[in-house]
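The file my_file_7.cif comes next; it holds mmCIF, C-alpha atoms and all ligand atoms; chains and numbers go by the auth columns.
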```
data_run
loop_
_atom_site.group_PDB
_atom_site.id
_atom_site.type_symbol
_atom_site.label_atom_id
_atom_site.label_comp_id
_atom_site.label_asym_id
_atom_site.label_seq_id
_atom_site.Cartn_x
_atom_site.Cartn_y
_atom_site.Cartn_z
_atom_site.B_iso_or_equiv
_atom_site.auth_seq_id
_atom_site.auth_asym_id
ATOM 1 C CA MET A 1 9.640 3.650 -37.762 0.00 264 A
ATOM 2 C CA ASN A 2 8.825 6.573 -35.489 0.00 265 A
ATOM 3 C CA THR A 3 5.093 7.356 -35.689 0.00 266 A
ATOM 4 C CA ALA A 4 5.141 10.271 -33.258 0.00 267 A
ATOM 5 C CA PRO A 5 4.136 13.571 -34.920 0.00 268 A
ATOM 6 C CA PRO A 6 6.795 16.342 -34.998 0.00 269 A
ATOM 7 C CA ARG A 7 6.985 18.411 -31.840 0.00 270 A
ATOM 8 C CA THR A 8 5.391 21.862 -31.881 0.00 271 A
ATOM 9 C CA PRO A 9 6.520 24.574 -29.426 0.00 272 A
ATOM 10 C CA PRO A 10 4.207 24.898 -26.374 0.00 273 A
ATOM 11 C CA ALA A 11 1.859 27.905 -26.387 0.00 274 A
ATOM 12 C CA GLN A 12 1.971 30.341 -23.438 0.00 275 A
ATOM 13 C CA THR A 13 -1.091 29.717 -21.257 0.00 276 A
ATOM 14 C CA ALA A 14 -2.508 30.764 -17.909 0.00 277 A
ATOM 15 C CA PRO A 15 -2.095 28.221 -15.053 0.00 278 A
ATOM 16 C CA THR A 16 -4.339 25.243 -15.777 0.00 279 A
ATOM 17 C CA HIS A 17 -3.944 23.002 -12.736 0.00 280 A
ATOM 18 C CA LEU A 18 -5.754 22.927 -9.387 0.00 281 A
ATOM 19 C CA GLU A 19 -4.284 21.521 -6.178 0.00 282 A
ATOM 20 C CA ILE A 20 -6.715 18.777 -5.129 0.00 283 A
ATOM 21 C CA GLU A 21 -6.816 15.933 -2.619 0.00 284 A
ATOM 22 C CA PRO A 22 -8.496 12.973 -4.360 0.00 285 A
ATOM 23 C CA SER A 23 -9.520 10.093 -2.095 0.00 286 A
ATOM 24 C CA VAL A 24 -7.925 7.547 -4.447 0.00 287 A
ATOM 25 C CA LEU A 25 -5.178 7.677 -7.063 0.00 288 A
ATOM 26 C CA TYR A 26 -6.543 4.970 -9.355 0.00 289 A
ATOM 27 C CA PHE A 27 -5.390 6.701 -12.526 0.00 290 A
ATOM 28 C CA GLY A 28 -6.341 3.880 -14.893 0.00 291 A
ATOM 29 C CA THR A 29 -4.724 0.466 -14.745 0.00 292 A
ATOM 30 C CA PRO A 30 -5.946 -2.870 -16.120 0.00 293 A
ATOM 31 C CA VAL A 31 -8.262 -4.997 -14.002 0.00 294 A
ATOM 32 C CA VAL A 32 -6.969 -8.470 -13.162 0.00 295 A
ATOM 33 C CA LEU A 33 -8.835 -11.339 -11.526 0.00 296 A
ATOM 34 C CA LEU A 34 -6.705 -13.242 -9.019 0.00 297 A
ATOM 35 C CA SER A 35 -7.470 -16.914 -8.373 0.00 298 A
ATOM 36 C CA THR A 36 -5.879 -18.230 -5.185 0.00 299 A
ATOM 37 C CA GLU A 37 -6.281 -21.312 -3.016 0.00 300 A
ATOM 38 C CA ASN A 38 -8.101 -21.156 0.326 0.00 301 A
ATOM 39 C CA GLN A 39 -6.981 -23.118 3.360 0.00 302 A
ATOM 40 C CA ASP A 40 -9.703 -25.758 2.781 0.00 303 A
ATOM 41 C CA GLY A 41 -8.630 -26.365 -0.835 0.00 304 A
ATOM 42 C CA SER A 42 -11.441 -24.302 -2.404 0.00 305 A
ATOM 43 C CA PHE A 43 -10.570 -21.290 -4.547 0.00 306 A
ATOM 44 C CA ASN A 44 -10.996 -17.556 -4.083 0.00 307 A
ATOM 45 C CA LEU A 45 -11.374 -14.988 -6.858 0.00 308 A
ATOM 46 C CA ALA A 46 -10.810 -11.251 -6.435 0.00 309 A
ATOM 47 C CA PRO A 47 -10.581 -8.243 -8.779 0.00 310 A
ATOM 48 C CA MET A 48 -7.491 -6.041 -8.440 0.00 311 A
ATOM 49 C CA SER A 49 -6.241 -3.081 -10.451 0.00 312 A
ATOM 50 C CA SER A 50 -2.948 -2.376 -8.685 0.00 313 A
ATOM 51 C CA ALA A 51 -0.981 -4.675 -10.983 0.00 314 A
ATOM 52 C CA TRP A 52 1.782 -4.115 -13.492 0.00 315 A
ATOM 53 C CA ALA A 53 4.352 -6.205 -15.311 0.00 316 A
ATOM 54 C CA LEU A 54 8.129 -5.989 -15.087 0.00 317 A
ATOM 55 C CA GLY A 55 9.613 -8.567 -17.435 0.00 318 A
ATOM 56 C CA GLN A 56 8.059 -11.889 -16.412 0.00 319 A
ATOM 57 C CA THR A 57 7.144 -10.573 -12.950 0.00 320 A
ATOM 58 C CA VAL A 58 3.762 -9.053 -12.113 0.00 321 A
ATOM 59 C CA VAL A 59 3.780 -6.736 -9.109 0.00 322 A
ATOM 60 C CA ILE A 60 0.448 -6.603 -7.291 0.00 323 A
ATOM 61 C CA GLY A 61 -0.754 -4.459 -4.370 0.00 324 A
ATOM 62 C CA LEU A 62 -3.271 -6.127 -2.057 0.00 325 A
ATOM 63 C CA GLY A 63 -5.200 -5.031 1.023 0.00 326 A
ATOM 64 C CA ARG A 64 -3.467 -6.698 3.976 0.00 327 A
ATOM 65 C CA GLU A 65 -6.681 -8.084 5.479 0.00 328 A
ATOM 66 C CA GLY A 66 -8.164 -9.598 2.318 0.00 329 A
ATOM 67 C CA GLN A 67 -8.434 -13.316 1.648 0.00 330 A
ATOM 68 C CA THR A 68 -6.164 -13.023 -1.397 0.00 331 A
ATOM 69 C CA ALA A 69 -3.285 -11.612 0.663 0.00 332 A
ATOM 70 C CA TYR A 70 -3.934 -14.247 3.347 0.00 333 A
ATOM 71 C CA ASN A 71 -3.868 -17.053 0.771 0.00 334 A
ATOM 72 C CA LEU A 72 -0.708 -15.876 -0.994 0.00 335 A
ATOM 73 C CA GLY A 73 1.109 -15.654 2.338 0.00 336 A
ATOM 74 C CA SER A 74 0.955 -19.450 2.705 0.00 337 A
ATOM 75 C CA ARG A 75 -0.073 -20.851 -0.725 0.00 338 A
ATOM 76 C CA PRO A 76 1.895 -18.927 -3.377 0.00 339 A
ATOM 77 C CA ASP A 77 0.329 -20.281 -6.574 0.00 340 A
ATOM 78 C CA LEU A 78 -2.108 -17.985 -8.373 0.00 341 A
ATOM 79 C CA VAL A 79 -3.663 -17.232 -11.732 0.00 342 A
ATOM 80 C CA ILE A 80 -3.844 -13.679 -13.038 0.00 343 A
ATOM 81 C CA SER A 81 -6.738 -13.565 -15.539 0.00 344 A
ATOM 82 C CA LEU A 82 -7.270 -10.389 -17.556 0.00 345 A
ATOM 83 C CA PRO A 83 -10.922 -9.740 -18.465 0.00 346 A
ATOM 84 C CA ALA A 84 -12.079 -8.014 -21.648 0.00 347 A
ATOM 85 C CA PRO A 85 -14.009 -4.721 -21.344 0.00 348 A
ATOM 86 C CA ALA A 86 -17.329 -6.535 -21.950 0.00 349 A
ATOM 87 C CA GLN A 87 -16.769 -8.557 -18.773 0.00 350 A
ATOM 88 C CA TRP A 88 -16.956 -5.518 -16.459 0.00 351 A
ATOM 89 C CA PRO A 89 -20.375 -6.492 -14.982 0.00 352 A
ATOM 90 C CA ALA A 90 -18.922 -9.782 -13.710 0.00 353 A
ATOM 91 C CA VAL A 91 -15.991 -7.875 -12.199 0.00 354 A
ATOM 92 C CA GLU A 92 -18.367 -5.480 -10.471 0.00 355 A
ATOM 93 C CA ARG A 93 -20.428 -8.389 -9.095 0.00 356 A
ATOM 94 C CA LEU A 94 -17.228 -9.466 -7.288 0.00 357 A
ATOM 95 C CA ALA A 95 -16.530 -5.978 -5.936 0.00 358 A
ATOM 96 C CA PRO A 96 -18.480 -6.200 -2.621 0.00 359 A
ATOM 97 C CA LEU A 97 -17.392 -9.778 -1.837 0.00 360 A
ATOM 98 C CA THR A 98 -14.585 -11.194 0.261 0.00 361 A
ATOM 99 C CA GLY A 99 -13.481 -14.767 0.748 0.00 362 A
ATOM 100 C CA ARG A 100 -12.505 -13.899 4.336 0.00 363 A
ATOM 101 C CA ASN A 101 -14.803 -15.098 7.139 0.00 364 A
ATOM 102 C CA PRO A 102 -15.525 -13.245 9.371 0.00 365 A
ATOM 103 C CA VAL A 103 -15.366 -10.084 7.221 0.00 366 A
ATOM 104 C CA PRO A 104 -12.405 -7.977 8.469 0.00 367 A
ATOM 105 C CA ALA A 105 -13.339 -4.708 10.205 0.00 368 A
ATOM 106 C CA GLY A 106 -11.362 -2.686 7.670 0.00 369 A
ATOM 107 C CA LYS A 107 -13.464 -3.800 4.675 0.00 370 A
ATOM 108 C CA PRO A 108 -15.857 -1.189 3.238 0.00 371 A
ATOM 109 C CA GLN A 109 -19.458 -1.109 4.440 0.00 372 A
ATOM 110 C CA GLY A 110 -21.624 -3.595 2.536 0.00 373 A
ATOM 111 C CA CYS A 111 -18.767 -6.040 1.976 0.00 374 A
ATOM 112 C CA ARG A 112 -19.920 -9.613 2.629 0.00 375 A
ATOM 113 C CA PHE A 113 -18.373 -13.059 2.845 0.00 376 A
ATOM 114 C CA GLU A 114 -18.875 -15.248 -0.229 0.00 377 A
ATOM 115 C CA PRO A 115 -17.337 -18.731 -0.329 0.00 378 A
ATOM 116 C CA ASP A 116 -18.027 -19.304 -4.059 0.00 379 A
ATOM 117 C CA LYS A 117 -17.112 -16.129 -5.871 0.00 380 A
ATOM 118 C CA PHE A 118 -16.934 -17.794 -9.295 0.00 381 A
ATOM 119 C CA ALA A 119 -20.635 -18.698 -9.064 0.00 382 A
ATOM 120 C CA ALA A 120 -21.566 -15.345 -7.502 0.00 383 A
ATOM 121 C CA ALA A 121 -19.967 -13.503 -10.422 0.00 384 A
ATOM 122 C CA GLY A 122 -21.363 -15.857 -13.084 0.00 385 A
ATOM 123 C CA LEU A 123 -17.829 -16.916 -14.013 0.00 386 A
ATOM 124 C CA THR A 124 -16.440 -20.400 -14.598 0.00 387 A
ATOM 125 C CA GLY A 125 -13.092 -21.814 -13.639 0.00 388 A
ATOM 126 C CA GLU A 126 -11.039 -23.898 -16.041 0.00 389 A
ATOM 127 C CA PRO A 127 -8.075 -26.049 -14.989 0.00 390 A
ATOM 128 C CA SER A 128 -4.602 -24.546 -14.991 0.00 391 A
ATOM 129 C CA HIS A 129 -1.607 -26.524 -16.227 0.00 392 A
ATOM 130 C CA LEU A 130 1.067 -25.742 -13.614 0.00 393 A
ATOM 131 C CA VAL A 131 -0.771 -24.372 -10.588 0.00 394 A
ATOM 132 C CA ARG A 132 -3.802 -25.461 -8.554 0.00 395 A
ATOM 133 C CA PRO A 133 -5.985 -22.308 -8.719 0.00 396 A
ATOM 134 C CA PRO A 134 -8.140 -22.273 -11.877 0.00 397 A
ATOM 135 C CA ARG A 135 -8.040 -19.813 -14.755 0.00 398 A
ATOM 136 C CA VAL A 136 -11.143 -17.709 -15.392 0.00 399 A
ATOM 137 C CA ALA A 137 -12.813 -19.054 -18.535 0.00 400 A
ATOM 138 C CA GLY A 138 -13.586 -16.337 -21.066 0.00 401 A
ATOM 139 C CA CYS A 139 -10.750 -14.046 -19.993 0.00 402 A
ATOM 140 C CA PRO A 140 -8.618 -13.482 -23.112 0.00 403 A
ATOM 141 C CA ILE A 141 -5.292 -13.518 -21.213 0.00 404 A
ATOM 142 C CA GLN A 142 -4.580 -15.881 -18.306 0.00 405 A
ATOM 143 C CA LEU A 143 -1.231 -16.004 -16.524 0.00 406 A
ATOM 144 C CA GLU A 144 -0.268 -18.926 -14.300 0.00 407 A
ATOM 145 C CA ALA A 145 2.125 -17.585 -11.695 0.00 408 A
ATOM 146 C CA ARG A 146 3.787 -18.062 -8.337 0.00 409 A
ATOM 147 C CA ALA A 147 4.139 -15.381 -5.671 0.00 410 A
ATOM 148 C CA GLU A 148 7.889 -15.431 -5.001 0.00 411 A
ATOM 149 C CA ARG A 149 7.857 -12.493 -2.583 0.00 412 A
ATOM 150 C CA VAL A 150 5.027 -11.198 -0.381 0.00 413 A
ATOM 151 C CA GLN A 151 5.947 -8.283 1.891 0.00 414 A
ATOM 152 C CA PRO A 152 4.266 -5.352 3.676 0.00 415 A
ATOM 153 C CA ASP A 153 4.179 -1.947 1.948 0.00 416 A
ATOM 154 C CA VAL A 154 5.398 1.238 3.680 0.00 417 A
ATOM 155 C CA SER A 155 1.937 2.124 5.020 0.00 418 A
ATOM 156 C CA GLY A 156 1.366 -1.299 6.593 0.00 419 A
ATOM 157 C CA ASP A 157 -2.128 -1.401 5.065 0.00 420 A
ATOM 158 C CA PHE A 158 -1.145 -3.387 1.980 0.00 421 A
ATOM 159 C CA VAL A 159 1.105 -6.216 0.913 0.00 422 A
ATOM 160 C CA LEU A 160 3.216 -6.099 -2.221 0.00 423 A
ATOM 161 C CA VAL A 161 3.350 -9.323 -4.186 0.00 424 A
ATOM 162 C CA GLU A 162 5.965 -10.167 -6.793 0.00 425 A
ATOM 163 C CA ALA A 163 4.486 -12.975 -8.879 0.00 426 A
ATOM 164 C CA VAL A 164 6.630 -14.707 -11.477 0.00 427 A
ATOM 165 C CA VAL A 165 4.622 -15.816 -14.530 0.00 428 A
ATOM 166 C CA ARG A 166 5.142 -19.470 -15.461 0.00 429 A
ATOM 167 C CA LYS A 167 2.685 -19.960 -18.337 0.00 430 A
ATOM 168 C CA VAL A 168 0.718 -17.600 -20.575 0.00 431 A
ATOM 169 C CA HIS A 169 -2.617 -18.560 -22.150 0.00 432 A
ATOM 170 C CA ALA A 170 -4.012 -16.213 -24.818 0.00 433 A
ATOM 171 C CA ASP A 171 -7.299 -16.388 -26.745 0.00 434 A
ATOM 172 C CA SER A 172 -6.382 -17.212 -30.349 0.00 435 A
ATOM 173 C CA ARG A 173 -8.361 -14.177 -31.522 0.00 436 A
ATOM 174 C CA ILE A 174 -5.858 -11.780 -29.938 0.00 437 A
ATOM 175 C CA VAL A 175 -2.689 -13.582 -31.093 0.00 438 A
ATOM 176 C CA VAL A 176 -0.973 -12.624 -34.361 0.00 439 A
ATOM 177 C CA PRO A 177 -1.309 -15.901 -36.309 0.00 440 A
ATOM 178 C CA GLY A 178 1.783 -18.079 -36.241 0.00 441 A
ATOM 179 C CA THR A 179 3.579 -15.900 -33.661 0.00 442 A
ATOM 180 C CA ASP A 180 3.858 -15.398 -29.902 0.00 443 A
ATOM 181 C CA HIS A 181 2.716 -11.776 -30.212 0.00 444 A
ATOM 182 C CA ILE A 182 -0.473 -10.404 -28.672 0.00 445 A
ATOM 183 C CA ASP A 183 -2.064 -8.183 -31.358 0.00 446 A
ATOM 184 C CA PRO A 184 -2.476 -4.856 -29.563 0.00 447 A
ATOM 185 C CA ALA A 185 -5.139 -3.834 -32.067 0.00 448 A
ATOM 186 C CA ALA A 186 -7.238 -6.898 -31.183 0.00 449 A
ATOM 187 C CA TRP A 187 -6.726 -6.915 -27.390 0.00 450 A
ATOM 188 C CA SER A 188 -8.083 -4.319 -25.011 0.00 451 A
ATOM 189 C CA PRO A 189 -7.648 -4.529 -21.254 0.00 452 A
ATOM 190 C CA LEU A 190 -10.484 -3.506 -18.943 0.00 453 A
ATOM 191 C CA ILE A 191 -9.271 -0.254 -17.409 0.00 454 A
ATOM 192 C CA TYR A 192 -10.211 0.848 -13.867 0.00 455 A
ATOM 193 C CA ASN A 193 -10.175 4.623 -14.181 0.00 456 A
ATOM 194 C CA PHE A 194 -10.926 6.369 -10.858 0.00 457 A
ATOM 195 C CA ARG A 195 -13.433 3.582 -10.023 0.00 458 A
ATOM 196 C CA HIS A 196 -15.076 3.663 -13.473 0.00 459 A
ATOM 197 C CA TYR A 197 -14.643 0.998 -16.132 0.00 460 A
ATOM 198 C CA PHE A 198 -13.302 1.739 -19.624 0.00 461 A
ATOM 199 C CA GLY A 199 -11.846 -0.133 -22.591 0.00 462 A
ATOM 200 C CA LEU A 200 -9.194 1.308 -24.881 0.00 463 A
ATOM 201 C CA GLY A 201 -9.858 3.821 -27.643 0.00 464 A
ATOM 202 C CA PRO A 202 -8.305 3.475 -31.105 0.00 465 A
ATOM 203 C CA GLU A 203 -4.541 3.196 -31.413 0.00 466 A
ATOM 204 C CA LEU A 204 -2.655 6.508 -31.385 0.00 467 A
ATOM 205 C CA GLY A 205 0.793 5.241 -32.385 0.00 468 A
ATOM 206 C CA HIS A 206 3.386 2.746 -31.275 0.00 469 A
ATOM 207 C CA SER A 207 6.729 2.502 -29.516 0.00 470 A
ATOM 208 C CA TYR A 208 9.890 2.345 -31.615 0.00 471 A
ATOM 209 C CA ARG A 209 10.587 -0.956 -29.807 0.00 472 A
ATOM 210 C CA THR A 210 7.491 -2.848 -30.956 0.00 473 A
ATOM 211 C CA ARG A 211 8.191 -6.150 -32.704 0.00 474 A
ATOM 212 C CA THR A 212 4.563 -7.063 -33.356 0.00 475 A
ATOM 213 C CA PRO A 213 3.871 -7.807 -37.022 0.00 476 A
ATOM 214 C CA ARG A 214 0.908 -5.762 -38.286 0.00 477 A
ATOM 215 C CA THR A 215 -2.050 -7.874 -39.370 0.00 478 A
ATOM 216 C CA SER A 216 -4.944 -5.446 -39.023 0.00 479 A
ATOM 217 C CA THR A 217 -5.650 -1.740 -38.727 0.00 480 A
ATOM 218 C CA GLY A 218 -7.452 -2.206 -35.428 0.00 481 A
ATOM 219 C CA PRO A 219 -10.705 -3.560 -34.065 0.00 482 A
ATOM 220 C CA ALA A 220 -12.670 -1.594 -36.662 0.00 483 A
ATOM 221 C CA ALA A 221 -11.090 -3.806 -39.327 0.00 484 A
ATOM 222 C CA ASP A 222 -12.781 -6.818 -37.764 0.00 485 A
ATOM 223 C CA PRO A 223 -16.001 -5.900 -35.926 0.00 486 A
ATOM 224 C CA ALA A 224 -15.976 -9.334 -34.242 0.00 487 A
ATOM 225 C CA LEU A 225 -12.944 -8.206 -32.240 0.00 488 A
ATOM 226 C CA ALA A 226 -14.235 -4.757 -31.338 0.00 489 A
ATOM 227 C CA ASP A 227 -15.903 -6.049 -28.182 0.00 490 A
ATOM 228 C CA LEU A 228 -14.243 -9.396 -27.616 0.00 491 A
ATOM 229 C CA ALA A 229 -16.990 -11.590 -26.227 0.00 492 A
ATOM 230 C CA PRO A 230 -16.219 -14.271 -23.652 0.00 493 A
ATOM 231 C CA ARG A 231 -16.286 -17.792 -25.079 0.00 494 A
HETATM 232 C C1 LIG B . -12.036 -3.143 -10.275 0.00 501 B
HETATM 233 C C2 LIG B . -11.538 -3.367 -8.892 0.00 501 B
HETATM 234 C C3 LIG B . -10.192 -3.191 -8.598 0.00 501 B
HETATM 235 C C4 LIG B . -9.695 -3.422 -7.314 0.00 501 B
HETATM 236 N N1 LIG B . -8.358 -3.285 -7.085 0.00 501 B
HETATM 237 C C5 LIG B . -7.856 -3.625 -5.884 0.00 501 B
HETATM 238 C C6 LIG B . -6.462 -3.621 -5.667 0.00 501 B
HETATM 239 O O1 LIG B . -5.669 -3.320 -6.564 0.00 501 B
HETATM 240 N N2 LIG B . -5.996 -3.997 -4.446 0.00 501 B
HETATM 241 C C7 LIG B . -6.856 -4.369 -3.437 0.00 501 B
HETATM 242 O O2 LIG B . -6.388 -4.737 -2.352 0.00 501 B
HETATM 243 N N3 LIG B . -8.186 -4.394 -3.628 0.00 501 B
HETATM 244 C C8 LIG B . -8.706 -4.043 -4.829 0.00 501 B
HETATM 245 N N4 LIG B . -10.054 -4.106 -5.039 0.00 501 B
HETATM 246 C C9 LIG B . -10.921 -4.483 -3.905 0.00 501 B
HETATM 247 C C10 LIG B . -10.939 -6.003 -3.690 0.00 501 B
HETATM 248 O O3 LIG B . -11.401 -6.668 -4.841 0.00 501 B
HETATM 249 C C11 LIG B . -11.844 -6.298 -2.512 0.00 501 B
HETATM 250 O O4 LIG B . -11.206 -5.806 -1.346 0.00 501 B
HETATM 251 C C12 LIG B . -12.176 -7.747 -2.307 0.00 501 B
HETATM 252 O O5 LIG B . -13.041 -7.852 -1.196 0.00 501 B
HETATM 253 C C13 LIG B . -10.957 -8.621 -2.091 0.00 501 B
HETATM 254 O O6 LIG B . -11.391 -9.965 -1.967 0.00 501 B
HETATM 255 P P1 LIG B . -10.692 -10.983 -0.961 0.00 501 B
HETATM 256 O O7 LIG B . -10.830 -10.399 0.430 0.00 501 B
HETATM 257 O O8 LIG B . -11.477 -12.234 -1.138 0.00 501 B
HETATM 258 O O9 LIG B . -9.270 -11.087 -1.390 0.00 501 B
HETATM 259 C C14 LIG B . -10.590 -3.844 -6.304 0.00 501 B
HETATM 260 C C15 LIG B . -11.955 -4.007 -6.571 0.00 501 B
HETATM 261 C C16 LIG B . -12.404 -3.784 -7.857 0.00 501 B
HETATM 262 C C17 LIG B . -13.871 -3.991 -8.143 0.00 501 B
#
```
Can you dump the structure from the file as structure tokens?
Amino acid sequence: MNTAPPRTPPAQTAPTHLEIEPSVLYFGTPVVLLSTENQDGSFNLAPMSSAWALGQTVVIGLGREGQTAYNLGSRPDLVISLPAPAQWPAVERLAPLTGRNPVPAGKPQGCRFEPDKFAAAGLTGEPSHLVRPPRVAGCPIQLEARAERVQPDVSGDFVLVEAVVRKVHADSRIVVPGTDHIDPAAWSPLIYNFRHYFGLGPELGHSYRTRTPRTSTGPAADPALADLAPR
């Protein structure tokens, strides 16, 4: 069923847009936490928001000098954990940290080396099933994956990673019971919106292609899901 309201003709208005030169174009994408394996067998953890899914592949953009890019260049296994909005303080605790020692010159001022980012963020690793890097406990969605292609971007400042997902773990509270569907009314990504953190607002409508069975009218129907707490 099409839930989009009928189209109304656009009103004539004066020009509404300014030409601006923003320093970043982070227009609001989900935050992911990438677990990767360091050369010494320990594990690195880094927040990223340049990530999107194409079928079973997640495409990720990484700073060329970071430890995550370095790790994926030689050890392709990773876990992509998606935090809930309530976990934003832990994400922000990771923001000024790098697993790279010495800290690369290109990192922002104040960035410091941290060998145990899980502990520094107050997060816990839990074993993965198919890959060596751990999942982040408490993240409602965790994707075990393998970086099948790692290549430079056009600017030379970043690397583009194509990671094929091998196993999906989902908190039972966001899964439609008895199905493989994530309930979009129960799950909210943590959105990085021009360097500010947001969750999702209420549902506006749905695509004609959705196959998710409806079980609730949204988080308001079950207050326990409104701000999915880590467990
Ligand atoms: C919410 C958030 C999103 C970020 N997104 C990206 C990103 O998409 N790509 C990137 O290279 N760095 C991103 N960063 C910055 C990295 O997390 C940061 O450079 C970190 O030091 C990388 O760690 P590493 O050097 O151990 O890999 C983001 C930081 C935060 C807090």
Expanded to explicit residues, what is the PyMOL selection byres (((chain A and resi 366-380) around 12) and not hetatm) for this file, as an mmCIF file with C-alpha atoms, in the frame of the given file?
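Okay, this is what ended up in part.cif:
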```cif
data_model
loop_
_atom_site.group_PDB
_atom_site.id
_atom_site.type_symbol
_atom_site.label_atom_id
_atom_site.label_comp_id
_atom_site.auth_asym_id
_atom_site.auth_seq_id
_atom_site.Cartn_x
_atom_site.Cartn_y
_atom_site.Cartn_z
ATOM 1 C CA LEU A 296 -8.835 -11.339 -11.526
ATOM 2 C CA LEU A 297 -6.705 -13.242 -9.019
ATOM 3 C CA SER A 298 -7.470 -16.914 -8.373
ATOM 4 C CA THR A 299 -5.879 -18.230 -5.185
ATOM 5 C CA GLU A 300 -6.281 -21.312 -3.016
ATOM 6 C CA ASN A 301 -8.101 -21.156 0.326
ATOM 7 C CA GLN A 302 -6.981 -23.118 3.360
ATOM 8 C CA ASP A 303 -9.703 -25.758 2.781
ATOM 9 C CA GLY A 304 -8.630 -26.365 -0.835
ATOM 10 C CA SER A 305 -11.441 -24.302 -2.404
ATOM 11 C CA PHE A 306 -10.570 -21.290 -4.547
ATOM 12 C CA ASN A 307 -10.996 -17.556 -4.083
ATOM 13 C CA LEU A 308 -11.374 -14.988 -6.858
ATOM 14 C CA ALA A 309 -10.810 -11.251 -6.435
ATOM 15 C CA PRO A 310 -10.581 -8.243 -8.779
ATOM 16 C CA GLY A 326 -5.200 -5.031 1.023
ATOM 17 C CA ARG A 327 -3.467 -6.698 3.976
ATOM 18 C CA GLU A 328 -6.681 -8.084 5.479
ATOM 19 C CA GLY A 329 -8.164 -9.598 2.318
ATOM 20 C CA GLN A 330 -8.434 -13.316 1.648
ATOM 21 C CA TYR A 333 -3.934 -14.247 3.347
ATOM 22 C CA ALA A 353 -18.922 -9.782 -13.710
ATOM 23 C CA VAL A 354 -15.991 -7.875 -12.199
ATOM 24 C CA GLU A 355 -18.367 -5.480 -10.471
ATOM 25 C CA ARG A 356 -20.428 -8.389 -9.095
ATOM 26 C CA LEU A 357 -17.228 -9.466 -7.288
ATOM 27 C CA ALA A 358 -16.530 -5.978 -5.936
ATOM 28 C CA PRO A 359 -18.480 -6.200 -2.621
ATOM 29 C CA LEU A 360 -17.392 -9.778 -1.837
ATOM 30 C CA THR A 361 -14.585 -11.194 0.261
ATOM 31 C CA GLY A 362 -13.481 -14.767 0.748
ATOM 32 C CA ARG A 363 -12.505 -13.899 4.336
ATOM 33 C CA ASN A 364 -14.803 -15.098 7.139
ATOM 34 C CA PRO A 365 -15.525 -13.245 9.371
ATOM 35 C CA PHE A 381 -16.934 -17.794 -9.295
ATOM 36 C CA ALA A 382 -20.635 -18.698 -9.064
ATOM 37 C CA ALA A 383 -21.566 -15.345 -7.502
ATOM 38 C CA ALA A 384 -19.967 -13.503 -10.422
ATOM 39 C CA GLY A 385 -21.363 -15.857 -13.084
ATOM 40 C CA LEU A 386 -17.829 -16.916 -14.013
ATOM 41 C CA THR A 387 -16.440 -20.400 -14.598
ATOM 42 C CA GLY A 388 -13.092 -21.814 -13.639
ATOM 43 C CA VAL A 399 -11.143 -17.709 -15.392
ATOM 44 C CA ASP A 420 -2.128 -1.401 5.065
ATOM 45 C CA PHE A 421 -1.145 -3.387 1.980
#
```
Hey, which of A:Pro339, A:Pro396, A:Pro293, A:Pro440 ends up closest to ligand LIG 501 (chain B)? Count only C-alpha atoms and all ligand atoms.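 Residue with the minimum atom-to-atom distance to ligand LIG 501 (chain B): A:Pro293.
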Rounded to one decimal, what separation in Å do you get between atom CA of Ala426 of chain A and atom CA of Gly318 of chain A? 10.9 Å
The PyMOL selection byres (((chain A and resi 395) around 8) and not hetatm) - which residues does that actually catch in the file I just gave you? List them as a PyMOL selection string. chain A and resi 300+340-341+390-391+393-394+396-397
Evaluate the PyMOL selection byres (((chain A and resi 439) around 12) and not hetatm) on the structure here and hand back the selected residues as a PyMOL selection string. chain A and resi 433-438+440-450+474-479
Would you put the residues from that selection into a file with C-alpha atoms, as a PDB file, in the coordinates of the input?
```
ATOM      1  CA  ALA A 433      -4.012 -16.213 -24.818  1.00  0.00           C
ATOM      2  CA  ASP A 434      -7.299 -16.388 -26.745  1.00  0.00           C
ATOM      3  CA  SER A 435      -6.382 -17.212 -30.349  1.00  0.00           C
ATOM      4  CA  ARG A 436      -8.361 -14.177 -31.522  1.00  0.00           C
ATOM      5  CA  ILE A 437      -5.858 -11.780 -29.938  1.00  0.00           C
ATOM      6  CA  VAL A 438      -2.689 -13.582 -31.093  1.00  0.00           C
ATOM      7  CA  PRO A 440      -1.309 -15.901 -36.309  1.00  0.00           C
ATOM      8  CA  GLY A 441       1.783 -18.079 -36.241  1.00  0.00           C
ATOM      9  CA  THR A 442       3.579 -15.900 -33.661  1.00  0.00           C
ATOM     10  CA  ASP A 443       3.858 -15.398 -29.902  1.00  0.00           C
ATOM     11  CA  HIS A 444       2.716 -11.776 -30.212  1.00  0.00           C
ATOM     12  CA  ILE A 445      -0.473 -10.404 -28.672  1.00  0.00           C
ATOM     13  CA  ASP A 446      -2.064  -8.183 -31.358  1.00  0.00           C
ATOM     14  CA  PRO A 447      -2.476  -4.856 -29.563  1.00  0.00           C
ATOM     15  CA  ALA A 448      -5.139  -3.834 -32.067  1.00  0.00           C
ATOM     16  CA  ALA A 449      -7.238  -6.898 -31.183  1.00  0.00           C
ATOM     17  CA  TRP A 450      -6.726  -6.915 -27.390  1.00  0.00           C
ATOM     18  CA  ARG A 474       8.191  -6.150 -32.704  1.00  0.00           C
ATOM     19  CA  THR A 475       4.563  -7.063 -33.356  1.00  0.00           C
ATOM     20  CA  PRO A 476       3.871  -7.807 -37.022  1.00  0.00           C
ATOM     21  CA  ARG A 477       0.908  -5.762 -38.286  1.00  0.00           C
ATOM     22  CA  THR A 478      -2.050  -7.874 -39.370  1.00  0.00           C
ATOM     23  CA  SER A 479      -4.944  -5.446 -39.023  1.00  0.00           C
TER      24      SER A 479
END
```
Find, counting all atoms listed in the file, the residue in A:Ser286, A:Ser313, A:Thr320, A:Ser470 that gets nearest to ligand LIG 501 (chain B).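 Using all atoms listed in the file, ligand LIG 501 (chain B) sits closest to A:Ser313.
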